[in-house]
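As stored in upload.cif (mmCIF, C-alpha atoms and all ligand atoms):
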```cif
data_start
#
loop_
_atom_site.label_atom_id
_atom_site.label_comp_id
_atom_site.auth_asym_id
_atom_site.auth_seq_id
_atom_site.Cartn_x
_atom_site.Cartn_y
_atom_site.Cartn_z
CA MET A 4 -68.74 48.53 -14.78
CA THR A 5 -66.94 50.10 -11.85
CA ARG A 6 -63.99 47.69 -11.99
CA THR A 7 -63.71 48.27 -15.70
CA ALA A 8 -63.82 52.05 -15.28
CA ASP A 9 -61.30 51.97 -12.40
CA ILE A 10 -58.82 49.84 -14.33
CA ILE A 11 -59.12 51.95 -17.46
CA ARG A 12 -58.59 55.14 -15.40
CA GLU A 13 -55.49 53.71 -13.70
CA THR A 14 -54.10 52.35 -16.98
CA GLU A 15 -54.62 55.51 -18.98
CA ALA A 16 -52.99 57.69 -16.34
CA VAL A 17 -49.65 55.93 -16.83
CA THR A 18 -49.80 54.65 -20.42
CA ALA A 19 -48.72 56.49 -23.56
CA ARG A 20 -51.83 57.02 -25.70
CA ASN A 21 -50.54 55.45 -28.89
CA TYR A 22 -53.63 53.19 -28.96
CA ALA A 23 -57.35 53.86 -28.56
CA PRO A 24 -58.69 50.53 -27.20
CA LEU A 25 -62.38 49.69 -26.92
CA PRO A 26 -63.44 50.04 -23.25
CA VAL A 27 -63.27 46.30 -22.50
CA VAL A 28 -60.83 44.99 -19.86
CA ILE A 29 -60.01 41.37 -20.63
CA ALA A 30 -58.90 39.18 -17.78
CA ARG A 31 -59.16 35.59 -19.06
CA ALA A 32 -59.40 33.68 -22.33
CA GLU A 33 -59.92 30.20 -23.72
CA GLY A 34 -60.20 29.15 -27.35
CA VAL A 35 -62.32 31.70 -29.22
CA TRP A 36 -63.71 33.32 -26.06
CA VAL A 37 -62.43 36.04 -23.73
CA TRP A 38 -63.93 37.26 -20.44
CA ASP A 39 -63.73 40.77 -19.01
CA VAL A 40 -63.06 41.63 -15.35
CA ASP A 41 -66.82 41.60 -14.66
CA GLY A 42 -67.23 38.10 -16.07
CA GLN A 43 -68.85 39.19 -19.35
CA ARG A 44 -67.99 36.81 -22.24
CA TYR A 45 -66.99 37.91 -25.75
CA LEU A 46 -66.19 36.14 -29.02
CA ASP A 47 -62.72 37.37 -30.05
CA CYS A 48 -62.90 38.35 -33.72
CA VAL A 49 -59.67 40.35 -33.59
CA SER A 50 -57.40 37.46 -32.52
CA GLY A 51 -54.46 39.75 -31.78
CA TYR A 52 -54.59 40.88 -35.43
CA SER A 53 -54.25 37.22 -36.56
CA SER A 54 -51.73 36.22 -33.89
CA LEU A 55 -54.23 33.79 -32.38
CA ASN A 56 -55.00 31.59 -35.39
CA GLN A 57 -54.72 28.57 -33.04
CA GLY A 58 -57.13 30.16 -30.50
CA HIS A 59 -56.34 31.48 -27.04
CA ARG A 60 -54.15 29.31 -24.83
CA HIS A 61 -54.15 26.28 -27.09
CA PRO A 62 -53.38 23.39 -24.67
CA ARG A 63 -50.56 21.99 -26.81
CA ILE A 64 -48.87 25.39 -27.19
CA VAL A 65 -49.27 26.26 -23.50
CA ALA A 66 -47.87 22.82 -22.55
CA ALA A 67 -44.82 23.43 -24.77
CA LEU A 68 -44.33 26.84 -23.12
CA MET A 69 -44.62 25.43 -19.58
CA GLU A 70 -42.40 22.42 -20.20
CA GLN A 71 -39.71 24.54 -21.81
CA ALA A 72 -39.93 27.16 -19.04
CA GLU A 73 -39.12 24.41 -16.54
CA ARG A 74 -35.97 23.45 -18.44
CA LEU A 75 -34.29 26.31 -20.35
CA THR A 76 -35.54 29.72 -21.48
CA LEU A 77 -32.63 31.73 -22.86
CA THR A 78 -29.09 31.09 -23.99
CA SER A 79 -28.54 33.95 -26.44
CA ARG A 80 -27.00 32.96 -29.76
CA ALA A 81 -23.56 32.97 -28.11
CA PHE A 82 -24.31 29.24 -27.69
CA HIS A 83 -26.46 26.68 -29.44
CA ASN A 84 -29.65 25.48 -27.82
CA ASP A 85 -31.44 22.18 -28.40
CA ARG A 86 -34.76 23.70 -29.53
CA MET A 87 -33.99 26.16 -32.32
CA GLY A 88 -32.83 23.56 -34.87
CA PRO A 89 -35.95 21.37 -34.66
CA PHE A 90 -38.21 24.46 -34.84
CA LEU A 91 -36.52 25.97 -37.88
CA ASN A 92 -36.33 22.54 -39.52
CA ARG A 93 -40.11 22.20 -39.23
CA LEU A 94 -40.59 25.78 -40.43
CA CYS A 95 -38.35 25.33 -43.49
CA ARG A 96 -40.04 22.05 -44.40
CA LEU A 97 -43.46 23.71 -44.16
CA CYS A 98 -42.35 26.64 -46.33
CA GLY A 99 -40.39 24.52 -48.79
CA MET A 100 -37.33 26.70 -48.15
CA ASP A 101 -33.76 25.92 -47.06
CA MET A 102 -33.05 28.26 -44.19
CA ALA A 103 -34.65 30.59 -41.67
CA LEU A 104 -33.46 33.49 -39.55
CA PRO A 105 -35.44 33.74 -36.29
CA MET A 106 -36.42 37.08 -34.78
CA ASN A 107 -39.11 38.14 -32.30
CA THR A 108 -41.60 40.64 -33.72
CA GLY A 109 -42.93 40.96 -37.24
CA THR A 110 -41.33 44.37 -37.59
CA GLU A 111 -37.89 42.93 -36.86
CA ALA A 112 -38.43 40.22 -39.45
CA VAL A 113 -39.34 42.86 -42.07
CA GLU A 114 -36.23 44.85 -41.14
CA THR A 115 -34.20 41.64 -41.47
CA SER A 116 -35.63 40.98 -44.94
CA ILE A 117 -34.68 44.51 -46.03
CA LYS A 118 -31.11 43.98 -44.84
CA LEU A 119 -31.03 40.62 -46.63
CA ALA A 120 -32.39 42.07 -49.89
CA ARG A 121 -29.83 44.89 -49.80
CA LEU A 122 -26.98 42.51 -48.97
CA TRP A 123 -28.00 40.32 -51.93
CA GLY A 124 -28.22 43.42 -54.11
CA TYR A 125 -24.61 44.38 -53.34
CA ARG A 126 -23.00 40.93 -53.09
CA SER A 127 -24.86 39.02 -55.80
CA LYS A 128 -26.59 41.44 -58.16
CA GLY A 129 -23.71 43.94 -58.19
CA ILE A 130 -25.65 47.07 -57.26
CA PRO A 131 -23.17 49.91 -56.49
CA ASP A 132 -22.62 50.56 -52.76
CA ASN A 133 -25.49 52.35 -50.99
CA LYS A 134 -27.59 52.55 -54.15
CA ALA A 135 -29.96 49.63 -53.54
CA ASP A 136 -33.65 50.44 -53.94
CA ILE A 137 -36.67 48.48 -52.72
CA VAL A 138 -40.07 48.90 -54.36
CA ALA A 139 -43.05 48.72 -51.96
CA CYS A 140 -46.75 49.52 -52.28
CA ARG A 141 -48.93 52.44 -51.30
CA ASN A 142 -51.18 51.58 -48.32
CA ASN A 143 -48.57 49.09 -47.10
CA PHE A 144 -48.22 48.10 -43.49
CA HIS A 145 -44.90 46.52 -42.55
CA GLY A 146 -44.34 47.86 -39.02
CA ARG A 147 -43.46 50.97 -37.09
CA THR A 148 -39.69 51.41 -37.02
CA THR A 149 -38.27 54.66 -38.35
CA THR A 150 -37.23 52.93 -41.59
CA LEU A 151 -40.58 51.23 -42.14
CA VAL A 152 -42.78 54.28 -41.45
CA GLY A 153 -40.57 56.28 -43.81
CA PHE A 154 -42.09 54.42 -46.76
CA SER A 155 -45.64 54.30 -45.38
CA SER A 156 -48.18 56.27 -47.41
CA GLU A 157 -50.25 56.89 -44.27
CA PRO A 158 -49.44 60.45 -43.11
CA GLN A 159 -50.15 59.68 -39.43
CA TYR A 160 -47.70 56.79 -39.44
CA ARG A 161 -44.97 58.81 -41.19
CA ASP A 162 -45.26 62.50 -40.37
CA GLY A 163 -43.39 63.73 -37.33
CA PHE A 164 -40.93 60.83 -37.38
CA GLY A 165 -38.45 61.91 -40.05
CA PRO A 166 -35.84 62.17 -41.37
CA HIS A 167 -36.68 58.99 -43.23
CA THR A 168 -34.46 56.22 -44.57
CA PRO A 169 -33.88 56.56 -48.33
CA GLY A 170 -33.95 53.64 -50.75
CA PHE A 171 -37.68 52.96 -51.15
CA THR A 172 -40.01 53.60 -54.10
CA LEU A 173 -43.80 53.31 -53.82
CA VAL A 174 -46.18 52.00 -56.48
CA ASP A 175 -49.93 51.31 -56.44
CA PHE A 176 -50.86 47.95 -54.93
CA GLY A 177 -52.06 45.55 -57.62
CA ASP A 178 -50.59 47.45 -60.58
CA PRO A 179 -48.01 45.30 -62.41
CA GLU A 180 -47.24 48.00 -65.01
CA ALA A 181 -46.35 50.45 -62.25
CA LEU A 182 -44.09 47.82 -60.67
CA ALA A 183 -42.31 47.17 -63.98
CA ALA A 184 -41.88 50.91 -64.56
CA ALA A 185 -40.46 51.49 -61.05
CA ILE A 186 -37.72 48.86 -61.41
CA THR A 187 -34.23 50.17 -62.21
CA PRO A 188 -30.86 48.36 -62.40
CA ASN A 189 -30.47 49.26 -58.69
CA THR A 190 -33.72 47.61 -57.58
CA ALA A 191 -32.99 44.79 -55.14
CA ALA A 192 -36.50 43.74 -54.17
CA PHE A 193 -40.24 44.17 -54.39
CA LEU A 194 -41.73 44.02 -50.88
CA VAL A 195 -45.49 43.40 -50.73
CA GLU A 196 -48.34 41.94 -48.66
CA PRO A 197 -50.51 39.41 -50.55
CA ILE A 198 -53.57 41.15 -49.08
CA GLN A 199 -53.28 44.62 -47.50
CA ALA A 200 -55.01 43.70 -44.25
CA GLU A 201 -54.15 46.74 -42.15
CA ALA A 202 -55.18 49.13 -44.95
CA GLY A 203 -58.69 47.66 -44.86
CA VAL A 204 -58.40 44.13 -46.28
CA LEU A 205 -57.54 45.39 -49.78
CA MET A 206 -57.37 42.59 -52.35
CA PRO A 207 -55.11 42.85 -55.41
CA PRO A 208 -56.56 41.99 -58.83
CA GLU A 209 -56.57 38.26 -59.63
CA GLY A 210 -53.14 37.17 -60.86
CA PHE A 211 -51.22 40.17 -59.50
CA LEU A 212 -48.76 38.17 -57.40
CA ALA A 213 -47.93 35.76 -60.22
CA GLU A 214 -47.43 38.74 -62.55
CA ALA A 215 -45.22 40.43 -59.93
CA ARG A 216 -43.24 37.17 -59.64
CA ARG A 217 -42.73 37.12 -63.42
CA ILE A 218 -41.63 40.79 -63.50
CA CYS A 219 -39.22 40.28 -60.57
CA SER A 220 -37.65 37.19 -62.16
CA ALA A 221 -37.28 38.91 -65.54
CA ASN A 222 -35.47 41.86 -63.90
CA ASP A 223 -33.32 39.99 -61.35
CA VAL A 224 -35.31 41.46 -58.46
CA LEU A 225 -36.25 39.54 -55.30
CA LEU A 226 -39.92 39.01 -54.49
CA VAL A 227 -40.34 39.52 -50.74
CA LEU A 228 -43.75 38.61 -49.31
CA ASP A 229 -44.84 39.95 -45.94
CA GLU A 230 -47.17 37.14 -44.81
CA ILE A 231 -47.04 38.14 -41.16
CA GLN A 232 -50.82 38.58 -41.11
CA THR A 233 -51.96 36.53 -44.13
CA GLY A 234 -49.75 33.50 -43.50
CA LEU A 235 -50.13 30.32 -41.43
CA GLY A 236 -53.62 29.41 -42.55
CA ARG A 237 -55.52 32.67 -42.19
CA THR A 238 -56.67 33.02 -45.82
CA GLY A 239 -57.56 29.36 -46.39
CA LYS A 240 -54.15 28.26 -47.61
CA LEU A 241 -51.03 27.86 -45.50
CA PHE A 242 -49.69 30.99 -47.25
CA ALA A 243 -51.80 33.52 -49.16
CA TYR A 244 -49.47 33.39 -52.17
CA GLU A 245 -50.57 29.78 -52.76
CA HIS A 246 -53.92 31.03 -54.04
CA GLU A 247 -52.10 31.82 -57.31
CA ALA A 248 -49.95 29.41 -59.30
CA GLY A 249 -46.42 30.71 -59.82
CA ALA A 250 -46.31 33.32 -57.05
CA ARG A 251 -43.64 31.74 -54.86
CA PRO A 252 -41.52 34.38 -53.12
CA ASP A 253 -37.74 34.49 -52.76
CA ILE A 254 -38.12 35.69 -49.17
CA LEU A 255 -41.08 34.91 -46.92
CA ILE A 256 -41.67 36.97 -43.76
CA LEU A 257 -43.65 35.36 -40.92
CA GLY A 258 -44.67 36.44 -37.43
CA LYS A 259 -47.87 36.82 -35.43
CA ALA A 260 -49.43 33.27 -35.35
CA LEU A 261 -45.92 31.76 -35.50
CA GLY A 262 -45.93 32.41 -31.74
CA GLY A 263 -49.36 30.81 -31.26
CA GLY A 264 -50.60 33.86 -29.36
CA VAL A 265 -48.41 33.13 -26.36
CA TYR A 266 -44.98 34.49 -27.25
CA PRO A 267 -43.45 36.80 -29.90
CA VAL A 268 -41.87 34.64 -32.62
CA SER A 269 -41.01 35.79 -36.15
CA ALA A 270 -38.76 34.59 -38.93
CA VAL A 271 -37.41 35.29 -42.38
CA VAL A 272 -37.44 32.16 -44.55
CA ALA A 273 -35.52 31.87 -47.84
CA SER A 274 -33.09 29.84 -49.92
CA ALA A 275 -29.56 29.00 -48.76
CA ASP A 276 -28.28 31.26 -51.59
CA LEU A 277 -29.89 34.22 -49.88
CA LEU A 278 -29.73 33.53 -46.13
CA GLY A 279 -26.26 32.06 -46.62
CA LEU A 280 -25.07 35.59 -47.41
CA PHE A 281 -25.18 36.56 -43.72
CA ARG A 282 -21.82 36.14 -41.96
CA PRO A 283 -21.39 36.02 -38.16
CA GLY A 284 -21.78 39.57 -36.91
CA ASP A 285 -23.82 40.89 -39.87
CA HIS A 286 -27.10 40.72 -37.97
CA GLY A 287 -28.45 39.56 -34.64
CA SER A 288 -31.00 39.55 -31.86
CA THR A 289 -30.51 38.67 -28.19
CA PHE A 290 -33.89 36.94 -27.97
CA GLY A 291 -34.28 35.71 -31.55
CA GLY A 292 -34.34 31.91 -31.68
CA ASN A 293 -34.40 31.52 -27.91
CA PRO A 294 -35.43 28.04 -26.68
CA LEU A 295 -38.76 29.21 -25.24
CA ALA A 296 -39.68 30.88 -28.54
CA ALA A 297 -38.53 27.83 -30.48
CA ALA A 298 -40.56 25.41 -28.34
CA VAL A 299 -43.64 27.60 -28.73
CA GLY A 300 -43.07 28.12 -32.46
CA GLU A 301 -42.70 24.41 -33.09
CA ALA A 302 -45.95 23.68 -31.22
CA ALA A 303 -47.71 26.55 -33.00
CA LEU A 304 -46.78 25.04 -36.38
CA ALA A 305 -47.76 21.53 -35.26
CA VAL A 306 -51.25 22.77 -34.34
CA ILE A 307 -51.68 24.55 -37.68
CA GLU A 308 -50.69 21.40 -39.58
CA GLU A 309 -52.32 18.71 -37.46
CA GLU A 310 -55.62 20.55 -36.97
CA ALA A 311 -55.66 21.49 -40.68
CA LEU A 312 -56.36 25.12 -39.79
CA ALA A 313 -55.86 26.38 -43.35
CA GLU A 314 -58.55 24.00 -44.63
CA ARG A 315 -60.83 25.07 -41.76
CA ALA A 316 -60.28 28.73 -42.67
CA ALA A 317 -61.17 28.03 -46.31
CA GLU A 318 -64.37 26.20 -45.43
CA LEU A 319 -65.56 28.41 -42.57
CA GLY A 320 -64.48 31.58 -44.36
CA ALA A 321 -66.60 30.70 -47.38
CA HIS A 322 -69.54 30.00 -45.06
CA LEU A 323 -69.06 33.31 -43.23
CA HIS A 324 -68.65 35.25 -46.49
CA ASP A 325 -71.92 33.78 -47.86
CA ALA A 326 -73.76 34.49 -44.61
CA LEU A 327 -72.52 38.09 -44.62
CA ASP A 328 -73.56 38.54 -48.25
CA ALA A 329 -77.04 37.37 -47.27
CA ILE A 330 -77.40 40.18 -44.69
CA ARG A 331 -77.89 42.71 -47.53
CA SER A 332 -77.87 45.81 -45.35
CA PRO A 333 -77.59 49.26 -46.98
CA ALA A 334 -75.00 49.98 -44.24
CA ILE A 335 -72.62 47.46 -45.87
CA ARG A 336 -70.85 48.77 -48.96
CA GLU A 337 -68.61 45.78 -49.59
CA ILE A 338 -67.40 42.55 -48.03
CA ARG A 339 -63.82 41.65 -48.95
CA GLY A 340 -61.25 39.07 -48.07
CA ARG A 341 -60.29 35.45 -48.20
CA GLY A 342 -60.66 32.58 -45.74
CA LEU A 343 -61.10 34.02 -42.26
CA LEU A 344 -59.55 37.38 -43.11
CA LEU A 345 -62.60 39.48 -43.90
CA GLY A 346 -63.25 43.19 -44.06
CA ILE A 347 -66.69 44.78 -44.00
CA GLU A 348 -66.68 48.25 -45.54
CA ILE A 349 -69.36 50.44 -44.01
CA ALA A 350 -71.21 52.94 -46.24
CA ASP A 351 -70.19 56.52 -45.36
CA GLU A 352 -73.78 57.57 -44.64
CA ALA A 353 -74.22 54.65 -42.20
CA GLY A 354 -71.63 55.93 -39.70
CA THR A 355 -68.13 54.73 -38.82
CA ALA A 356 -66.90 51.17 -38.42
CA LEU A 357 -66.03 52.01 -34.80
CA GLY A 358 -69.73 52.63 -34.06
CA TYR A 359 -70.58 49.14 -35.29
CA CYS A 360 -67.66 47.66 -33.32
CA SER A 361 -69.04 49.27 -30.15
CA ARG A 362 -72.53 47.89 -30.80
CA LEU A 363 -71.07 44.44 -31.45
CA ALA A 364 -69.10 44.60 -28.19
CA GLU A 365 -72.39 45.21 -26.34
CA ARG A 366 -73.61 41.96 -27.93
CA GLY A 367 -70.49 40.04 -26.92
CA VAL A 368 -68.44 40.23 -30.12
CA LEU A 369 -65.02 41.90 -30.21
CA THR A 370 -64.03 43.44 -33.56
CA LYS A 371 -61.89 46.44 -34.48
CA ASP A 372 -62.06 49.08 -37.14
CA THR A 373 -59.14 49.57 -39.50
CA HIS A 374 -59.26 52.98 -41.05
CA ALA A 375 -62.58 54.74 -40.51
CA GLN A 376 -64.92 52.66 -42.67
CA VAL A 377 -63.68 49.07 -42.47
CA MET A 378 -64.40 46.50 -39.78
CA ARG A 379 -61.96 43.63 -39.81
CA LEU A 380 -63.19 40.13 -38.90
CA THR A 381 -60.41 37.69 -38.04
CA PRO A 382 -61.66 35.08 -35.56
CA PRO A 383 -59.36 32.26 -34.44
CA LEU A 384 -59.22 29.55 -37.13
CA THR A 385 -60.31 27.04 -34.48
CA ILE A 386 -63.79 28.62 -34.37
CA GLY A 387 -66.68 26.16 -34.69
CA LYS A 388 -69.65 26.47 -37.02
CA PRO A 389 -72.12 27.12 -34.14
CA GLU A 390 -70.00 30.05 -32.92
CA LEU A 391 -69.72 31.35 -36.48
CA ASP A 392 -73.50 31.18 -36.91
CA TRP A 393 -73.96 33.00 -33.61
CA LEU A 394 -71.50 35.66 -34.87
CA VAL A 395 -73.57 36.08 -38.05
CA GLU A 396 -76.72 36.58 -35.91
CA GLN A 397 -75.00 39.38 -33.99
CA LEU A 398 -73.74 41.01 -37.19
CA ALA A 399 -77.22 40.76 -38.76
CA ALA A 400 -78.67 42.43 -35.68
CA VAL A 401 -76.31 45.43 -35.72
CA PHE A 402 -76.62 45.89 -39.49
CA ALA A 403 -80.43 45.49 -39.51
C1 LIG B 1 -48.50 43.04 -37.72
C2 LIG B 1 -47.78 43.22 -38.99
C3 LIG B 1 -46.43 43.63 -39.01
C4 LIG B 1 -45.68 44.00 -37.76
O1 LIG B 1 -45.61 42.97 -36.84
P1 LIG B 1 -45.29 43.29 -35.29
O2 LIG B 1 -45.24 41.94 -34.64
O3 LIG B 1 -46.42 44.15 -34.80
O4 LIG B 1 -44.00 43.99 -35.23
C5 LIG B 1 -45.79 43.71 -40.24
N1 LIG B 1 -46.43 43.40 -41.38
C6 LIG B 1 -47.73 43.01 -41.40
C7 LIG B 1 -48.38 42.68 -42.71
C8 LIG B 1 -48.45 42.92 -40.21
O5 LIG B 1 -49.73 42.55 -40.23
#
```

For the structure just supplied, provide its representation as structure tokens.
Amino acid sequence: MTRTADIIRETEAVTARNYAPLPVVIARAEGVWVWDVDGQRYLDCVSGYSSLNQGHRHPRIVAALMEQAERLTLTSRAFHNDRMGPFLNRLCRLCGMDMALPMNTGTEAVETSIKLARLWGYRSKGIPDNKADIVACRNNFHGRTTTLVGFSSEPQYRDGFGPHTPGFTLVDFGDPEALAAAITPNTAAFLVEPIQAEAGVLMPPEGFLAEARRICSANDVLLVLDEIQTGLGRTGKLFAYEHEAGARPDILILGKALGGGVYPVSAVVASADLLGLFRPGDHGSTFGGNPLAAAVGEAALAVIEEEALAERAAELGAHLHDALDAIRSPAIREIRGRGLLLGIEIADEAGTALGYCSRLAERGVLTKDTHAQVMRLTPPLTIGKPELDWLVEQLAAVFA
């Protein structure tokens, strides 16, 4: 423990305290496992908040990173590079869309989608200048920029960081009537997560996305889906919207696992009618679409497709959900989620989720609380059934 304590002391002395990590110092990882500086092994059920769907250091993704690093890492978009085209081609084919705009972090991709929706609102829909409105949901999580926190309903995310960007209207998640009522002639888009993971794995009522799609189409409003956390296999389909017929978005936002857990890669994917609106100079990023990111992104997608990770998530997620249901502890109020995106809501009288996360860490399982009462379980989609059964044993023990 002394190395752990020393490292934490040194780190905290020089690091802004905008996070409250569990006291585990990770030094090495492979697949679904991580090891701390003292050699203790843990099953990673956080997976970089679903950035590690392919597992830690997937050999194919690491090989792509290493090979590309030996050849070319950065050109900037002042020039073409030979990796971005093949990557975005694969991405567009997978999404069934025409074009993509590559960025780095999820937040930047959300910001890009907001700019695109507004641009479409002015150029195509004919919204008067500076009047475009975007409807979003209460309990949303789309990132931490000043614009994005301005329409967060979480006081800690928002308060103290104003003045906030205007042009956003909030409605309850999963309420189609509220969405319809919030739309005005100046509404450019409805921005929503298929499942509100950060807010505690909140599921919308069955059919909500398809109903939102219908309302958006009827009112000439773009449906923008933030699938940064739910996408790329996590929920048991390639994209969470595919669980409902007729919920296809106009704009799809991806990040996290698009970089395979080794590099930040994000993208906005849409039709040529939409992404074709951007002219040179309208938008940019020095690192977006760089050859290293593109090589990694292409390998990350190849692993998801070739190892059928969405199908794995569906099968293993159902198994995990059933096994959790069978625990039947009074400490568990509800188990929610889809595929391998699960949330366990802890009963108030049973203590906080953080307490259970700490006890699980002592048993070699890393999880994290999201809001006081929910523990999120998002293991890599490459997890095997034996590891999943071992995880269930540890959960049963702490909830006994
Ligand atoms: C993580 C996340 C983001 C932000 O992505 P970053 O890479 O942290 O900038 C946005 N939306 C959702 C739904 C997320 O889960």

Quiz prompt | Surrounding residues of A:Leu122 excluding itself and chain neighbours under 5 positions, 10 Å, all atoms listed in the file, as JSON, numbers by chain | solution = {"A": [116, 117, 127, 128, 129, 130, 132, 135, 191, 277, 278, 280, 281, 285]}

So that each row is one residue of chain A with an atom at most 8 Å from ligand LIG 1 (chain B), can you give its shortest atom pair and the distance in Å to one decimal, using all atoms listed in the file, rows by chain and rising number, as JSON lines?
```
{"residue": "A:Tyr52", "atom": "CA", "partner": "B:LIG1", "partner_atom": "C1", "distance": 6.9}
{"residue": "A:Ser53", "atom": "CA", "partner": "B:LIG1", "partner_atom": "O5", "distance": 7.9}
{"residue": "A:Asn107", "atom": "CA", "partner": "B:LIG1", "partner_atom": "O2", "distance": 7.6}
{"residue": "A:Thr108", "atom": "CA", "partner": "B:LIG1", "partner_atom": "O2", "distance": 4.0}
{"residue": "A:Gly109", "atom": "CA", "partner": "B:LIG1", "partner_atom": "O1", "distance": 3.4}
{"residue": "A:Thr110", "atom": "CA", "partner": "B:LIG1", "partner_atom": "O4", "distance": 3.6}
{"residue": "A:Glu111", "atom": "CA", "partner": "B:LIG1", "partner_atom": "O4", "distance": 6.4}
{"residue": "A:Ala112", "atom": "CA", "partner": "B:LIG1", "partner_atom": "O4", "distance": 7.9}
{"residue": "A:Val113", "atom": "CA", "partner": "B:LIG1", "partner_atom": "C5", "distance": 6.8}
{"residue": "A:Asn143", "atom": "CA", "partner": "B:LIG1", "partner_atom": "C7", "distance": 7.8}
{"residue": "A:Phe144", "atom": "CA", "partner": "B:LIG1", "partner_atom": "N1", "distance": 5.5}
{"residue": "A:His145", "atom": "CA", "partner": "B:LIG1", "partner_atom": "N1", "distance": 3.7}
{"residue": "A:Gly146", "atom": "CA", "partner": "B:LIG1", "partner_atom": "C4", "distance": 4.3}
{"residue": "A:Arg147", "atom": "CA", "partner": "B:LIG1", "partner_atom": "O4", "distance": 7.2}
{"residue": "A:Glu196", "atom": "CA", "partner": "B:LIG1", "partner_atom": "C7", "distance": 6.0}
{"residue": "A:Gln199", "atom": "CA", "partner": "B:LIG1", "partner_atom": "C7", "distance": 7.1}
{"residue": "A:Ala200", "atom": "CA", "partner": "B:LIG1", "partner_atom": "O5", "distance": 6.7}
{"residue": "A:Glu201", "atom": "CA", "partner": "B:LIG1", "partner_atom": "O5", "distance": 6.4}
{"residue": "A:Asp229", "atom": "CA", "partner": "B:LIG1", "partner_atom": "C7", "distance": 5.5}
{"residue": "A:Glu230", "atom": "CA", "partner": "B:LIG1", "partner_atom": "C7", "distance": 6.0}
{"residue": "A:Ile231", "atom": "CA", "partner": "B:LIG1", "partner_atom": "C6", "distance": 4.9}
{"residue": "A:Gln232", "atom": "CA", "partner": "B:LIG1", "partner_atom": "O5", "distance": 4.2}
{"residue": "A:Thr233", "atom": "CA", "partner": "B:LIG1", "partner_atom": "C7", "distance": 7.3}
{"residue": "A:Gly258", "atom": "CA", "partner": "B:LIG1", "partner_atom": "O2", "distance": 6.2}
{"residue": "A:Lys259", "atom": "CA", "partner": "B:LIG1", "partner_atom": "O2", "distance": 5.8}
{"residue": "A:Pro267", "atom": "CA", "partner": "B:LIG1", "partner_atom": "O2", "distance": 7.2}
{"residue": "A:Ser269", "atom": "CA", "partner": "B:LIG1", "partner_atom": "O2", "distance": 7.6}
```

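Interatomic distance, atom CA of A:Ile11 against atom CA of A:Val37: 17.4 Å.
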
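Proximity to A:Arg237 at 10 Å, evaluated using all atoms listed in the file and with sequence-adjacent residues fewer than 5 positions away removed, yields Ser53, Ser54, Leu55, Asn56, Glu230, Gln232, Phe242, Ala243, Ala260, Leu312, Ala313, Glu314, Arg315, Ala316, Ala317, Gly320, Arg341, Gly342, Leu343, Leu344, Leu345, Thr381, Pro382, Pro383 and Leu384 of chain A.
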
With C-alpha atoms retained, export the selected residues as a short mmCIF file (atom, residue, chain, number, x, y, z; two decimals), keeping the file's coordinate frame.
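So result.cif came out as:
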```
data_model
loop_
_atom_site.label_atom_id
_atom_site.label_comp_id
_atom_site.auth_asym_id
_atom_site.auth_seq_id
_atom_site.Cartn_x
_atom_site.Cartn_y
_atom_site.Cartn_z
CA SER A 53 -54.25 37.22 -36.56
CA SER A 54 -51.73 36.22 -33.89
CA LEU A 55 -54.23 33.79 -32.38
CA ASN A 56 -55.00 31.59 -35.39
CA GLU A 230 -47.17 37.14 -44.81
CA GLN A 232 -50.82 38.58 -41.11
CA PHE A 242 -49.69 30.99 -47.25
CA ALA A 243 -51.80 33.52 -49.16
CA ALA A 260 -49.43 33.27 -35.35
CA LEU A 312 -56.36 25.12 -39.79
CA ALA A 313 -55.86 26.38 -43.35
CA GLU A 314 -58.55 24.00 -44.63
CA ARG A 315 -60.83 25.07 -41.76
CA ALA A 316 -60.28 28.73 -42.67
CA ALA A 317 -61.17 28.03 -46.31
CA GLY A 320 -64.48 31.58 -44.36
CA ARG A 341 -60.29 35.45 -48.20
CA GLY A 342 -60.66 32.58 -45.74
CA LEU A 343 -61.10 34.02 -42.26
CA LEU A 344 -59.55 37.38 -43.11
CA LEU A 345 -62.60 39.48 -43.90
CA THR A 381 -60.41 37.69 -38.04
CA PRO A 382 -61.66 35.08 -35.56
CA PRO A 383 -59.36 32.26 -34.44
CA LEU A 384 -59.22 29.55 -37.13
#
```

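In this structure, atom CA of A:Arg86 sits 5.2 Å away from atom CA of A:Pro294.
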
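We find atom CA of A:Val224 and atom CA of A:Ala248 to be spaced 19.0 Å apart.
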
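The nearest approach to A:Ala23 among the residues A:Lys371, A:His286, A:Arg217, A:Arg379, with only C-alpha atoms taken into account, belongs to A:Lys371.
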
Quiz prompt | Nearby residues, (-69.4, 31.0, -40.2) file frame, 12 Å, all atoms listed in the file, as a ChimeraX atom specification | solution = /A:48,315-328,342-343,345,380-398

Exercise. Extract, using only C-alpha atoms, all DNA, RNA and protein residues at most 10 Å from A:Phe171, discarding same-chain residues fewer than 5 positions from it, and format them as a list in words.
Key: Ala135, Asp136, Ile137, Val138, Ala139, Cys140, Thr150, Leu151, Gly153, Phe154, Ser155, Thr190, Ala192, Phe193 and Leu194 of chain A

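Shortest separation to A:Phe90 among A:Ala329, A:Val35, A:Ile256, A:Met102 occurs at residue A:Met102, atoms counted being all atoms listed in the file.
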
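Those residues that approach stretch 288-293 of chain A to within 6 Å, counting all atoms listed in the file, are Leu77, Ser79, Met87, Pro105, Met106 and Asn107 of chain A; same-chain residues fewer than 6 positions away are not listed.
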
Go ahead and save the residues from that selection, with C-alpha atoms, as a tab-separated table (two decimals), in the frame of the given file.
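Heads up, here's the output in result.tsv:
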```tsv
chain	number	residue	atom	x	y	z
A	77	LEU	CA	-32.63	31.73	-22.86
A	79	SER	CA	-28.54	33.95	-26.44
A	87	MET	CA	-33.99	26.16	-32.32
A	105	PRO	CA	-35.44	33.74	-36.29
A	106	MET	CA	-36.42	37.08	-34.78
A	107	ASN	CA	-39.11	38.14	-32.30
```
